[in-house]
file upload-v3.txt (compact mmCIF, C-alpha atoms)
# COMPACT_ATOMS: atom_id res chain seq x y z
CA MET A 1 69.31 -13.60 141.80
CA THR A 2 68.33 -14.97 138.36
CA GLY A 3 65.11 -16.80 137.63
CA SER A 4 66.85 -20.16 137.36
CA ALA A 5 68.63 -19.55 140.65
CA ILE A 6 65.30 -18.77 142.33
CA VAL A 7 63.75 -21.96 140.93
CA ALA A 8 66.75 -24.00 142.11
CA TYR A 9 66.53 -22.38 145.56
CA ILE A 10 62.82 -23.21 145.85
CA ARG A 11 63.34 -26.80 144.67
CA ALA A 12 66.16 -27.35 147.14
CA ARG A 13 63.99 -26.11 150.01
CA SER A 14 60.59 -27.25 148.78
CA GLY A 15 59.96 -29.40 151.87
CA ALA A 16 60.60 -26.56 154.30
CA ILE A 17 58.64 -24.07 152.17
CA LEU A 18 55.64 -26.40 152.00
CA THR A 19 55.84 -27.00 155.75
CA TRP A 20 55.79 -23.27 156.50
CA ALA A 21 52.96 -22.72 154.01
CA ILE A 22 50.79 -25.37 155.68
CA VAL A 23 51.52 -24.07 159.19
CA ALA A 24 50.83 -20.45 158.19
CA ALA A 25 47.62 -21.33 156.32
CA THR A 26 46.17 -23.42 159.14
CA PHE A 27 47.05 -20.76 161.73
CA LEU A 28 45.40 -18.07 159.62
CA ILE A 29 42.25 -20.11 158.97
CA THR A 30 41.72 -20.88 162.64
CA TYR A 31 42.51 -17.30 163.66
CA VAL A 32 39.98 -15.90 161.16
CA THR A 33 37.41 -18.39 162.47
CA PHE A 34 38.12 -17.24 166.01
CA ILE A 35 37.84 -13.50 165.36
CA ARG A 36 34.72 -14.01 163.24
CA TRP A 37 32.65 -16.07 165.63
CA TYR A 38 34.28 -15.94 169.06
CA ARG A 39 35.26 -13.26 171.58
CA PHE A 40 38.53 -11.54 172.38
CA PHE A 41 37.57 -10.05 175.74
CA PHE A 42 37.36 -12.31 178.81
CA PRO A 43 36.64 -11.55 182.48
CA ASP A 44 40.39 -11.56 183.24
CA SER A 45 40.94 -9.11 180.38
CA ARG A 46 39.33 -6.24 182.31
CA TYR A 47 42.24 -6.24 184.77
CA TYR A 48 44.86 -6.21 182.02
CA LEU A 49 43.07 -3.45 180.11
CA ALA A 50 42.73 -1.30 183.23
CA MET A 51 46.43 -1.77 184.04
CA ALA A 52 47.40 -0.88 180.46
CA TYR A 53 45.47 2.39 180.79
CA LEU A 54 47.01 3.00 184.21
CA PHE A 55 50.58 2.29 183.04
CA GLY A 56 49.90 4.50 180.04
CA GLY A 57 49.38 7.53 182.25
CA ALA A 58 45.68 7.50 183.19
CA ASP A 59 44.67 7.91 186.82
CA PRO A 60 42.93 4.91 188.45
CA GLU A 61 39.39 6.34 188.12
CA THR A 62 39.87 7.23 184.47
CA ALA A 63 41.45 3.83 183.75
CA ARG A 64 38.43 2.15 185.31
CA ASP A 65 35.96 4.32 183.38
CA LEU A 66 37.67 3.51 180.08
CA THR A 67 37.60 -0.17 180.96
CA VAL A 68 33.90 0.04 181.83
CA ASP A 69 33.17 1.63 178.44
CA PHE A 70 34.65 -1.41 176.70
CA ALA A 71 33.55 -4.16 179.11
CA ASP A 72 29.91 -3.21 179.77
CA PRO A 73 28.64 -3.80 176.19
CA ARG A 74 30.21 -7.25 176.43
CA GLY A 75 28.38 -8.12 179.63
CA ILE A 76 31.48 -8.11 181.83
CA PRO A 77 31.17 -6.07 185.05
CA VAL A 78 34.18 -4.07 186.24
CA PRO A 79 34.84 -4.03 190.01
CA PRO A 80 35.53 -0.84 192.00
CA VAL A 81 38.96 0.77 191.77
CA ASP A 82 40.32 -0.82 194.95
CA ASP A 83 39.40 -4.33 193.77
CA LEU A 84 40.34 -3.67 190.16
CA PHE A 85 43.89 -2.69 191.02
CA GLY A 86 44.23 -4.39 194.40
CA TRP A 87 43.42 -8.05 193.75
CA GLY A 88 46.56 -9.99 194.62
CA LEU A 89 46.00 -12.68 191.99
CA VAL A 90 46.40 -10.31 189.04
CA GLN A 91 48.50 -7.53 190.62
CA PRO A 92 51.81 -9.28 189.76
CA ARG A 93 50.77 -9.79 186.10
CA VAL A 94 52.41 -6.62 184.83
CA VAL A 95 54.35 -7.84 181.78
CA TYR A 96 51.35 -8.12 179.45
CA PRO A 97 49.81 -4.73 180.35
CA VAL A 98 53.17 -2.96 180.12
CA LEU A 99 53.85 -4.41 176.66
CA SER A 100 50.32 -3.46 175.60
CA VAL A 101 50.59 0.24 176.54
CA PRO A 102 51.73 1.54 173.11
CA PHE A 103 49.13 -0.56 171.27
CA VAL A 104 46.31 0.57 173.57
CA LYS A 105 47.39 4.16 172.99
CA LEU A 106 47.29 3.59 169.24
CA PHE A 107 44.16 1.45 168.87
CA GLY A 108 42.24 1.96 172.08
CA ALA A 109 41.02 -1.10 173.98
CA TYR A 110 41.37 -3.28 170.87
CA GLY A 111 45.12 -2.74 171.12
CA LEU A 112 45.09 -5.19 174.02
CA ALA A 113 44.75 -7.98 171.44
CA VAL A 114 48.04 -7.14 169.67
CA VAL A 115 50.56 -8.59 172.15
CA PRO A 116 48.79 -11.99 172.46
CA LEU A 117 48.64 -12.25 168.67
CA LEU A 118 52.32 -11.40 168.27
CA ALA A 119 53.24 -13.85 171.03
CA ALA A 120 51.08 -16.56 169.44
CA VAL A 121 52.76 -16.03 166.06
CA ALA A 122 56.21 -16.17 167.67
CA LEU A 123 55.21 -19.29 169.62
CA THR A 124 53.96 -20.97 166.44
CA ILE A 125 57.17 -20.13 164.58
CA LEU A 126 59.40 -21.44 167.37
CA LEU A 127 57.40 -24.64 167.82
CA THR A 128 57.57 -25.29 164.07
CA LEU A 129 61.31 -24.67 163.96
CA ILE A 130 61.89 -27.00 166.91
CA LEU A 131 59.81 -29.77 165.34
CA MET A 132 61.42 -29.41 161.91
CA ARG A 133 64.96 -29.53 163.27
CA ARG A 134 64.42 -32.33 165.79
CA TYR A 135 61.90 -34.57 164.04
CA GLY A 136 61.62 -33.50 160.39
CA ASN A 137 59.14 -31.67 158.17
CA VAL A 138 56.47 -34.37 158.06
CA VAL A 139 56.28 -34.61 161.84
CA ALA A 140 56.27 -30.81 162.13
CA VAL A 141 53.29 -30.56 159.78
CA ALA A 142 51.33 -33.33 161.49
CA THR A 143 51.90 -31.94 164.98
CA MET A 144 51.26 -28.29 164.09
CA LEU A 145 48.04 -29.24 162.33
CA LEU A 146 46.78 -30.41 165.71
CA VAL A 147 47.99 -27.24 167.42
CA ASN A 148 46.66 -24.81 164.83
CA GLY A 149 43.40 -26.71 164.40
CA SER A 150 42.43 -26.23 168.04
CA LEU A 151 39.94 -23.41 168.60
CA PHE A 152 40.48 -23.62 172.35
CA LEU A 153 44.21 -23.03 171.94
CA MET A 154 43.61 -20.23 169.45
CA SER A 155 41.19 -18.50 171.83
CA PHE A 156 43.56 -18.81 174.79
CA HIS A 157 46.57 -17.67 172.77
CA THR A 158 45.10 -14.77 170.78
CA GLY A 159 42.37 -13.55 173.13
CA MET A 160 43.15 -10.72 175.53
CA LEU A 161 44.86 -13.09 177.95
CA THR A 162 48.35 -13.95 179.21
CA GLU A 163 48.56 -17.54 177.96
CA SER A 164 50.51 -17.03 174.74
CA LEU A 165 53.16 -14.94 176.50
CA SER A 166 53.52 -17.60 179.20
CA GLY A 167 53.86 -20.32 176.58
CA LEU A 168 56.44 -18.26 174.71
CA PHE A 169 58.59 -17.76 177.81
CA ALA A 170 58.51 -21.52 178.46
CA VAL A 171 59.80 -22.18 174.94
CA LEU A 172 62.56 -19.59 175.35
CA ALA A 173 63.66 -21.18 178.63
CA LEU A 174 63.67 -24.61 177.00
CA LEU A 175 65.73 -23.37 174.04
CA ALA A 176 68.26 -21.87 176.45
CA ALA A 177 68.40 -25.17 178.35
CA TRP A 178 69.02 -27.21 175.20
CA ARG A 179 71.76 -24.79 174.21
CA TRP A 180 73.28 -25.05 177.68
CA LEU A 181 73.30 -28.86 177.41
CA GLU A 182 75.32 -28.54 174.19
CA ARG A 183 77.67 -25.80 175.34
CA PRO A 184 77.35 -24.69 179.00
CA SER A 185 77.55 -20.97 179.60
CA PRO A 186 76.57 -18.87 182.65
CA TRP A 187 74.71 -16.51 180.35
CA LEU A 188 72.38 -19.30 179.27
CA LEU A 189 71.53 -19.96 182.91
CA VAL A 190 70.84 -16.24 183.29
CA ALA A 191 68.60 -16.40 180.22
CA MET A 192 66.64 -19.32 181.74
CA GLY A 193 66.19 -17.42 184.98
CA ALA A 194 65.13 -14.26 183.15
CA ALA A 195 62.56 -16.13 181.05
CA THR A 196 61.19 -17.77 184.21
CA ALA A 197 60.97 -14.45 186.06
CA ALA A 198 59.28 -12.77 183.08
CA SER A 199 56.80 -15.64 182.97
CA ALA A 200 56.15 -15.32 186.71
CA PHE A 201 55.13 -11.69 186.25
CA THR A 202 52.98 -12.60 183.25
CA ARG A 203 50.86 -15.15 185.12
CA GLN A 204 51.50 -17.52 188.02
CA ALA A 205 52.32 -20.62 186.00
CA THR A 206 56.05 -21.02 186.47
CA LEU A 207 55.72 -24.21 188.52
CA ILE A 208 54.82 -25.87 185.20
CA MET A 209 58.23 -24.95 183.79
CA ALA A 210 59.91 -25.81 187.07
CA GLY A 211 58.18 -29.19 187.28
CA ALA A 212 59.21 -30.03 183.71
CA PHE A 213 62.88 -29.15 184.24
CA VAL A 214 63.14 -30.78 187.66
CA MET A 215 61.55 -33.99 186.42
CA ALA A 216 63.88 -34.03 183.41
CA TRP A 217 66.75 -33.89 185.88
CA LEU A 218 65.45 -36.46 188.40
CA LEU A 219 64.07 -39.03 185.96
CA GLY A 220 66.96 -38.48 183.58
CA SER A 221 69.33 -39.29 186.43
CA LEU A 222 67.40 -42.43 187.31
CA VAL A 223 67.21 -43.67 183.72
CA GLY A 224 70.84 -42.83 182.98
CA ARG A 225 72.07 -44.02 186.42
CA ARG A 226 74.16 -40.87 186.73
CA ASN A 227 73.55 -37.24 187.48
CA SER A 228 71.67 -35.75 184.54
CA PRO A 229 73.05 -32.61 182.85
CA TRP A 230 69.61 -31.10 183.41
CA MET A 231 70.61 -30.39 187.01
CA TRP A 232 71.62 -26.75 186.60
CA PRO A 233 68.71 -25.80 184.34
CA ALA A 234 66.38 -27.44 186.88
CA ILE A 235 67.97 -25.61 189.81
CA VAL A 236 67.86 -22.23 188.06
CA VAL A 237 64.32 -22.51 186.71
CA GLY A 238 62.96 -24.22 189.82
CA GLY A 239 64.66 -21.79 192.19
CA THR A 240 63.51 -18.75 190.21
CA ALA A 241 59.95 -20.05 190.03
CA VAL A 242 59.69 -20.71 193.76
CA GLY A 243 61.45 -17.45 194.61
CA CYS A 244 59.08 -15.39 192.46
CA GLN A 245 56.08 -17.21 193.92
CA VAL A 246 57.17 -16.44 197.47
CA LEU A 247 57.99 -12.82 196.58
CA GLN A 248 54.58 -12.30 195.03
CA SER A 249 52.77 -13.74 198.04
CA LEU A 250 54.68 -11.34 200.29
CA VAL A 251 54.28 -8.22 198.13
CA PHE A 252 50.70 -8.93 197.04
CA PRO A 253 49.12 -10.70 200.04
CA SER A 254 45.47 -9.97 199.22
CA PHE A 255 45.10 -13.31 197.40
CA SER A 256 45.74 -16.61 199.16
CA GLN A 257 46.05 -19.77 197.07
CA LEU A 258 45.43 -21.79 200.23
CA ASP A 259 42.16 -19.97 200.92
CA GLN A 260 41.12 -20.52 197.31
CA PHE A 261 41.90 -24.23 197.62
CA LEU A 262 39.91 -24.59 200.83
CA LYS A 263 36.98 -22.70 199.35
CA GLN A 264 36.86 -24.78 196.17
CA ALA A 265 37.23 -27.99 198.13
CA GLY A 266 34.46 -26.97 200.53
CA ALA A 267 36.77 -27.77 203.44
CA GLU A 268 37.75 -26.03 206.66
CA THR A 269 41.21 -27.56 207.07
CA LEU A 270 44.06 -28.34 204.71
CA GLY A 271 43.96 -32.03 205.61
CA GLU A 272 40.27 -32.22 204.76
CA ALA A 273 40.87 -30.44 201.46
CA ILE A 274 43.70 -32.82 200.51
CA LEU A 275 41.41 -35.79 201.06
CA ARG A 276 39.03 -34.29 198.51
CA VAL A 277 41.74 -33.83 195.85
CA PRO A 278 41.01 -37.14 193.99
CA ALA A 279 37.33 -36.22 193.58
CA MET A 280 38.22 -32.68 192.50
CA LEU A 281 40.77 -33.96 190.00
CA LEU A 282 38.31 -36.48 188.57
CA HIS A 283 35.67 -33.76 188.21
CA ILE A 284 38.10 -31.43 186.41
CA LEU A 285 39.31 -34.16 184.04
CA ALA A 286 35.78 -35.32 183.24
CA SER A 287 34.51 -31.77 182.67
CA ASP A 288 37.46 -30.80 180.48
CA ALA A 289 37.26 -34.00 178.45
CA ALA A 290 33.52 -33.52 177.91
CA ALA A 291 34.08 -29.91 176.80
CA MET A 292 36.74 -30.99 174.32
CA MET A 293 34.58 -33.83 173.02
CA ARG A 294 31.83 -31.32 172.30
CA ALA A 295 33.86 -28.43 170.92
CA ASP A 296 37.54 -29.26 170.30
CA ARG A 297 38.38 -32.88 169.57
CA THR A 298 41.59 -31.77 167.84
CA LEU A 299 43.00 -30.62 171.18
CA LEU A 300 41.88 -33.88 172.76
CA PHE A 301 43.79 -35.80 170.07
CA LEU A 302 46.93 -33.75 170.78
CA ILE A 303 46.68 -34.40 174.53
CA GLY A 304 45.97 -38.10 173.99
CA LEU A 305 48.97 -38.52 171.71
CA ALA A 306 51.22 -36.69 174.17
CA VAL A 307 50.12 -38.75 177.16
CA ALA A 308 50.39 -42.02 175.22
CA SER A 309 53.87 -41.04 174.09
CA MET A 310 54.87 -40.18 177.65
CA ILE A 311 53.90 -43.68 178.75
CA LEU A 312 55.29 -45.62 175.78
CA PHE A 313 58.58 -43.73 175.55
CA TRP A 314 59.08 -43.27 179.26
CA ARG A 315 62.87 -43.25 178.98
CA ARG A 316 62.96 -40.15 176.78
CA THR A 317 63.56 -36.62 178.01
CA GLU A 318 60.40 -35.41 176.26
CA SER A 319 58.37 -37.75 178.49
CA HIS A 320 60.11 -36.54 181.63
CA LEU A 321 59.48 -32.91 180.71
CA LEU A 322 55.79 -33.60 180.07
CA LEU A 323 55.32 -35.52 183.31
CA GLY A 324 56.80 -32.66 185.31
CA ALA A 325 54.66 -30.13 183.45
CA ILE A 326 51.52 -32.18 184.12
CA LEU A 327 52.31 -32.26 187.84
CA GLY A 328 52.65 -28.47 187.85
CA ILE A 329 49.41 -28.07 185.88
CA ALA A 330 47.58 -30.38 188.28
CA LEU A 331 48.78 -28.33 191.24
CA TYR A 332 47.42 -25.10 189.78
CA ASN A 333 44.22 -26.65 188.47
CA VAL A 334 43.29 -28.54 191.62
CA THR A 335 44.09 -25.69 194.02
CA ASN A 336 41.93 -23.39 191.89
CA GLY A 337 39.32 -26.13 191.69
CA THR A 338 37.92 -25.12 188.30
CA PRO A 339 37.76 -26.91 184.93
CA THR A 340 39.48 -24.68 182.37
CA GLN A 341 39.42 -26.67 179.09
CA PHE A 342 43.25 -26.86 179.06
CA ARG A 343 43.70 -23.12 179.66
CA TYR A 344 45.85 -23.65 182.77
CA ALA A 345 47.98 -26.07 180.77
CA THR A 346 48.76 -23.72 177.87
CA PRO A 347 51.97 -22.34 179.46
CA GLY A 348 53.28 -25.90 179.12
CA LEU A 349 52.05 -26.46 175.56
CA VAL A 350 55.59 -27.00 174.24
CA PHE A 351 55.98 -30.11 176.41
CA TYR A 352 52.77 -31.65 175.02
CA VAL A 353 53.88 -30.81 171.49
CA LEU A 354 57.28 -32.46 171.94
CA ALA A 355 55.80 -35.65 173.38
CA ALA A 356 53.19 -35.86 170.61
CA ALA A 357 55.92 -35.35 168.01
CA VAL A 358 57.88 -38.30 169.40
CA ILE A 359 55.06 -40.79 168.85
CA ILE A 360 54.24 -39.34 165.42
CA ALA A 361 57.91 -39.55 164.40
CA HIS A 362 58.14 -43.12 165.68
CA THR A 363 55.05 -44.09 163.68
CA ALA A 364 56.39 -42.40 160.53
CA ASP A 365 59.70 -44.21 160.96
CA ARG A 366 57.96 -47.59 161.34
CA VAL A 367 55.81 -46.97 158.24
CA THR A 368 58.86 -45.91 156.20
CA LYS A 369 60.78 -48.99 157.36
CA ALA A 370 57.87 -51.28 156.44
CA ILE A 371 57.65 -49.76 152.94
CA ALA A 372 61.41 -50.11 152.46
CA ASP A 373 61.35 -53.76 153.62
CA ARG A 374 58.48 -54.49 151.27
CA ARG A 375 60.32 -52.95 148.35
CA ASN A 376 63.54 -54.81 149.20
CA ARG A 377 61.65 -58.12 149.31
CA SER A 378 60.04 -57.38 145.95
CA MET A 379 63.41 -56.55 144.41
CA ALA A 380 64.96 -59.69 145.85
CA GLU A 381 62.17 -61.76 144.33
CA GLY A 382 62.65 -60.00 141.00
CA THR A 383 59.25 -58.31 141.02
CA THR A 384 58.03 -54.79 141.62
CA ASP A 385 54.86 -53.69 143.28
CA PRO A 386 53.42 -50.71 141.38
CA ALA A 387 51.10 -49.97 144.29
CA ALA A 388 53.99 -49.52 146.72
CA PRO A 389 54.69 -45.82 147.28
CA SER A 390 58.22 -44.52 147.40
CA ALA A 391 59.72 -44.36 150.84
CA ALA A 392 59.56 -40.85 152.25
CA SER A 393 62.26 -39.73 154.55
CA ALA A 394 61.30 -39.54 158.22
CA ALA A 395 63.66 -38.09 160.77
CA GLU A 396 64.66 -40.29 163.64
CA PRO A 397 63.47 -38.61 166.83
CA ALA A 398 66.30 -37.07 168.83
CA GLY A 399 67.29 -38.85 172.01

call {"tool": "encode", "arguments": {"input": "upload-v3.txt", "output": "structure tokens"}}
result
Amino acid sequence: MTGSAIVAYIRARSGAILTWAIVAATFLITYVTFIRWYRFFFPDSRYYLAMAYLFGGADPETARDLTVDFADPRGIPVPPVDDLFGWGLVQPRVVYPVLSVPFVKLFGAYGLAVVPLLAAVALTILLTLILMRRYGNVVAVATMLLVNGSLFLMSFHTGMLTESLSGLFAVLALLAAWRWLERPSPWLLVAMGAATAASAFTRQATLIMAGAFVMAWLLGSLVGRRNSPWMWPAIVVGGTAVGCQVLQSLVFPSFSQLDQFLKQAGAETLGEAILRVPAMLLHILASDAAAMMRADRTLLFLIGLAVASMILFWRRTESHLLLGAILGIALYNVTNGTPTQFRYATPGLVFYVLAAAVIIAHTADRVTKAIADRRNRSMAEGTTDPAAPSAASAAEPAG
């Protein structure tokens, strides 16, 4: 390719190139900030590291000893072997440790950070592509600035945790669903089910995906006054999510979500615990909002935009998906009874991003229309306004 051809190529794609440059730069800046001043290793990480050693060929005692060597200097105690490998909450979470085995063999315990980083990069790329194609470059930049500027999201996605993988599987299932809506194929339904099952064995968060898809079907049917084409994606994702949840409770019975709920609610019966749900939910929301106000207002802005968009554009599929995801998040968060600063919601990040993009795109469209109207009036009156900027193109949000 000649020099002039390269210049012409860059000029023709300058908008997309600039978009990718901004997204990459902001991701890198926040990631460097995170690795410089924050931690990679969390209490949950000890289970994943021990499983990575175990799946890599170490015996249980050796896997525990290696985990202790890494966790003790960081002030994180490692339970005995039976609890380390026998706790039913984390026993099903095998996808992340299995994928981490070669990296742990290569880099030691620090190799556990490779898979979350790769998943976070893939998630960022896919979110940017979705936003660019559905809403335009300007909206993609504005929305991804909020995503990449969040230290909470960066810590959840690139720390030694399962969140970025879960979020990636949700995006893959959504992409398969969109493709199925355009051109139905049994293989796309299989892909949705596979992504849901993989997510289920990454962390127990698939009811977020299921809630999003089911609500897109139900509310889409109500708004459209006919059966929504989201029916089969909802059935496949919802059925796979529930099936995996039941299977895990049968195969790994040492953890009971009901017992956890009763304990956190301080109740002896399920009915008593349910009565305490409003107070628990209020406490979680207040605690999370206060934490974000102190340390991550960017994430709070993203959530606020998404929720406002869900209410204002309640007829849109993006709003239905977000509402269903929020219901799934609330179920997990309340039954665990612990404020998590949006961590439990990260598997459903794509649904927040889509809803936020809708309101940003709508605002950009209104601003562009106002500028164009102002210019047309000036031209009709035979005058020009030198202060009026040229109208930038803004993509109409997809319906």

call {"tool": "residues_around", "arguments": {"input": "upload-v3.txt", "residues": "stretch 199-208 of chain A", "least_positions_apart": "5", "cutoff": "7 Å", "atoms": "all atoms listed in the file", "output": "JSON list (two decimals) with C-alpha atoms, in the coordinates of the input"}}
result
[["chain", "number", "residue", "atom", "x", "y", "z"],
["A", 92, "PRO", "CA", 51.81, -9.28, 189.76],
["A", 93, "ARG", "CA", 50.77, -9.79, 186.10],
["A", 94, "VAL", "CA", 52.41, -6.62, 184.83],
["A", 95, "VAL", "CA", 54.35, -7.84, 181.78],
["A", 96, "TYR", "CA", 51.35, -8.12, 179.45],
["A", 162, "THR", "CA", 48.35, -13.95, 179.21],
["A", 166, "SER", "CA", 53.52, -17.60, 179.20],
["A", 169, "PHE", "CA", 58.59, -17.76, 177.81],
["A", 241, "ALA", "CA", 59.95, -20.05, 190.03],
["A", 244, "CYS", "CA", 59.08, -15.39, 192.46],
["A", 325, "ALA", "CA", 54.66, -30.13, 183.45],
["A", 328, "GLY", "CA", 52.65, -28.47, 187.85],
["A", 329, "ILE", "CA", 49.41, -28.07, 185.88],
["A", 347, "PRO", "CA", 51.97, -22.34, 179.46],
["A", 348, "GLY", "CA", 53.28, -25.90, 179.12]]

call {"tool": "atom_distance", "arguments": {"input": "upload-v3.txt", "atom1": "atom CA of A:Ser14", "atom2": "atom CA of A:Thr124"}}
result
19.9 Å

call {"tool": "closest_residue", "arguments": {"input": "upload-v3.txt", "among": "A:Val353, A:Ile22, A:Ala198, A:Ala210", "to": "A:Leu99", "atoms": "all atoms listed in the file"}}
result
A:Ala198

call {"tool": "residues_around", "arguments": {"input": "upload-v3.txt", "residues": "A:Val139", "least_positions_apart": "6", "cutoff": "12 Å", "atoms": "all atoms listed in the file", "output": "PyMOL selection string"}}
result
chain A and resi 15-16+19+23+127-133+145-146+353-365+392-397

call {"tool": "closest_residue", "arguments": {"input": "upload-v3.txt", "among": "A:Ala58, A:Gly86, A:Leu49, A:Ser309", "to": "A:Gly111", "atoms": "all atoms listed in the file"}}
result
A:Leu49

call {"tool": "closest_residue", "arguments": {"input": "upload-v3.txt", "among": "A:Thr340, A:Ser319, A:Ser155, A:Ser221", "to": "A:Tyr352", "atoms": "only C-alpha atoms"}}
result
A:Ser319

call {"tool": "atom_distance", "arguments": {"input": "upload-v3.txt", "atom1": "atom CA of A:Pro43", "atom2": "atom CA of A:Pro97"}}
result
15.0 Å

call {"tool": "atom_distance", "arguments": {"input": "upload-v3.txt", "atom1": "atom CA of A:Phe301", "atom2": "atom CA of A:Val350"}}
result
15.3 Å

call {"tool": "closest_residue", "arguments": {"input": "upload-v3.txt", "among": "A:Ala286, A:Ala194, A:Ile29, A:Val104", "to": "A:Leu66", "atoms": "all atoms listed in the file"}}
result
A:Val104

call {"tool": "residues_near_point", "arguments": {"input": "upload-v3.txt", "point": "(48.2, -10.2, 170.6)", "cutoff": "12 Å", "atoms": "all atoms listed in the file", "output": "number ranges by chain"}}
result
A: 31, 40-41, 96-97, 99-100, 103-104, 110-123, 154-165

call {"tool": "closest_residue", "arguments": {"input": "upload-v3.txt", "among": "A:Ala176, A:Val90, A:Gly75, A:Gly266", "to": "A:Ser249", "atoms": "all atoms listed in the file"}}
result
A:Val90

call {"tool": "closest_residue", "arguments": {"input": "upload-v3.txt", "among": "A:Leu174, A:Ala330, A:Ala291, A:Ala306", "to": "A:Pro278", "atoms": "all atoms listed in the file"}}
result
A:Ala330

call {"tool": "residues_around", "arguments": {"input": "upload-v3.txt", "residues": "A:Ile326", "least_positions_apart": "5", "cutoff": "9 Å", "atoms": "all atoms listed in the file", "output": "ChimeraX atom specification"}}
result
/A:208,211-212,321,331,345,348

call {"tool": "write_last_selection", "arguments": {"input": "upload-v3.txt", "atoms": "C-alpha atoms", "output": "PDB file, in the coordinates of the input"}}
result
ATOM      1  CA  ILE A 208      54.820 -25.870 185.200  1.00  0.00           C
ATOM      2  CA  GLY A 211      58.180 -29.190 187.280  1.00  0.00           C
ATOM      3  CA  ALA A 212      59.210 -30.030 183.710  1.00  0.00           C
ATOM      4  CA  LEU A 321      59.480 -32.910 180.710  1.00  0.00           C
ATOM      5  CA  LEU A 331      48.780 -28.330 191.240  1.00  0.00           C
ATOM      6  CA  ALA A 345      47.980 -26.070 180.770  1.00  0.00           C
ATOM      7  CA  GLY A 348      53.280 -25.900 179.120  1.00  0.00           C
TER       8      GLY A 348
END

call {"tool": "decode", "arguments": {"input": "upload-v3.txt", "residues": "stretch 29-42 of chain A", "atoms": "N, CA and C atoms", "output": "PDB file, in the first residue's frame"}}
result
ATOM      1  N   ILE A  29      -5.008   3.819  30.883  1.00  0.00           N
ATOM      2  CA  ILE A  29      -4.751   4.737  32.004  1.00  0.00           C
ATOM      3  C   ILE A  29      -5.368   4.210  33.290  1.00  0.00           C
ATOM      4  N   THR A  30      -6.610   3.778  33.214  1.00  0.00           N
ATOM      5  CA  THR A  30      -7.280   3.275  34.414  1.00  0.00           C
ATOM      6  C   THR A  30      -6.654   1.971  34.878  1.00  0.00           C
ATOM      7  N   TYR A  31      -6.247   1.122  33.940  1.00  0.00           N
ATOM      8  CA  TYR A  31      -5.614  -0.145  34.321  1.00  0.00           C
ATOM      9  C   TYR A  31      -4.280   0.101  35.017  1.00  0.00           C
ATOM     10  N   VAL A  32      -3.476   1.020  34.479  1.00  0.00           N
ATOM     11  CA  VAL A  32      -2.197   1.352  35.115  1.00  0.00           C
ATOM     12  C   VAL A  32      -2.426   1.917  36.513  1.00  0.00           C
ATOM     13  N   THR A  33      -3.443   2.770  36.655  1.00  0.00           N
ATOM     14  CA  THR A  33      -3.794   3.306  37.972  1.00  0.00           C
ATOM     15  C   THR A  33      -4.147   2.185  38.937  1.00  0.00           C
ATOM     16  N   PHE A  34      -4.903   1.221  38.442  1.00  0.00           N
ATOM     17  CA  PHE A  34      -5.333   0.105  39.287  1.00  0.00           C
ATOM     18  C   PHE A  34      -4.151  -0.747  39.741  1.00  0.00           C
ATOM     19  N   ILE A  35      -3.279  -1.144  38.809  1.00  0.00           N
ATOM     20  CA  ILE A  35      -2.173  -2.020  39.191  1.00  0.00           C
ATOM     21  C   ILE A  35      -1.124  -1.279  40.022  1.00  0.00           C
ATOM     22  N   ARG A  36      -1.100   0.053  39.912  1.00  0.00           N
ATOM     23  CA  ARG A  36      -0.117   0.818  40.682  1.00  0.00           C
ATOM     24  C   ARG A  36      -0.547   1.026  42.126  1.00  0.00           C
ATOM     25  N   TRP A  37      -1.825   1.258  42.353  1.00  0.00           N
ATOM     26  CA  TRP A  37      -2.243   1.628  43.703  1.00  0.00           C
ATOM     27  C   TRP A  37      -3.284   0.712  44.335  1.00  0.00           C
ATOM     28  N   TYR A  38      -3.754  -0.276  43.616  1.00  0.00           N
ATOM     29  CA  TYR A  38      -4.784  -1.152  44.169  1.00  0.00           C
ATOM     30  C   TYR A  38      -4.309  -2.598  44.128  1.00  0.00           C
ATOM     31  N   ARG A  39      -5.138  -3.527  44.576  1.00  0.00           N
ATOM     32  CA  ARG A  39      -4.726  -4.917  44.715  1.00  0.00           C
ATOM     33  C   ARG A  39      -5.385  -5.808  43.668  1.00  0.00           C
ATOM     34  N   PHE A  40      -4.672  -6.860  43.313  1.00  0.00           N
ATOM     35  CA  PHE A  40      -5.194  -7.868  42.400  1.00  0.00           C
ATOM     36  C   PHE A  40      -5.896  -9.000  43.141  1.00  0.00           C
ATOM     37  N   PHE A  41      -5.373  -9.337  44.315  1.00  0.00           N
ATOM     38  CA  PHE A  41      -5.764 -10.561  45.018  1.00  0.00           C
ATOM     39  C   PHE A  41      -6.838 -10.251  46.058  1.00  0.00           C
ATOM     40  N   PHE A  42      -7.974 -10.938  45.948  1.00  0.00           N
ATOM     41  CA  PHE A  42      -9.112 -10.738  46.833  1.00  0.00           C
ATOM     42  C   PHE A  42      -9.365 -12.020  47.635  1.00  0.00           C
TER      43      PHE A  42
END
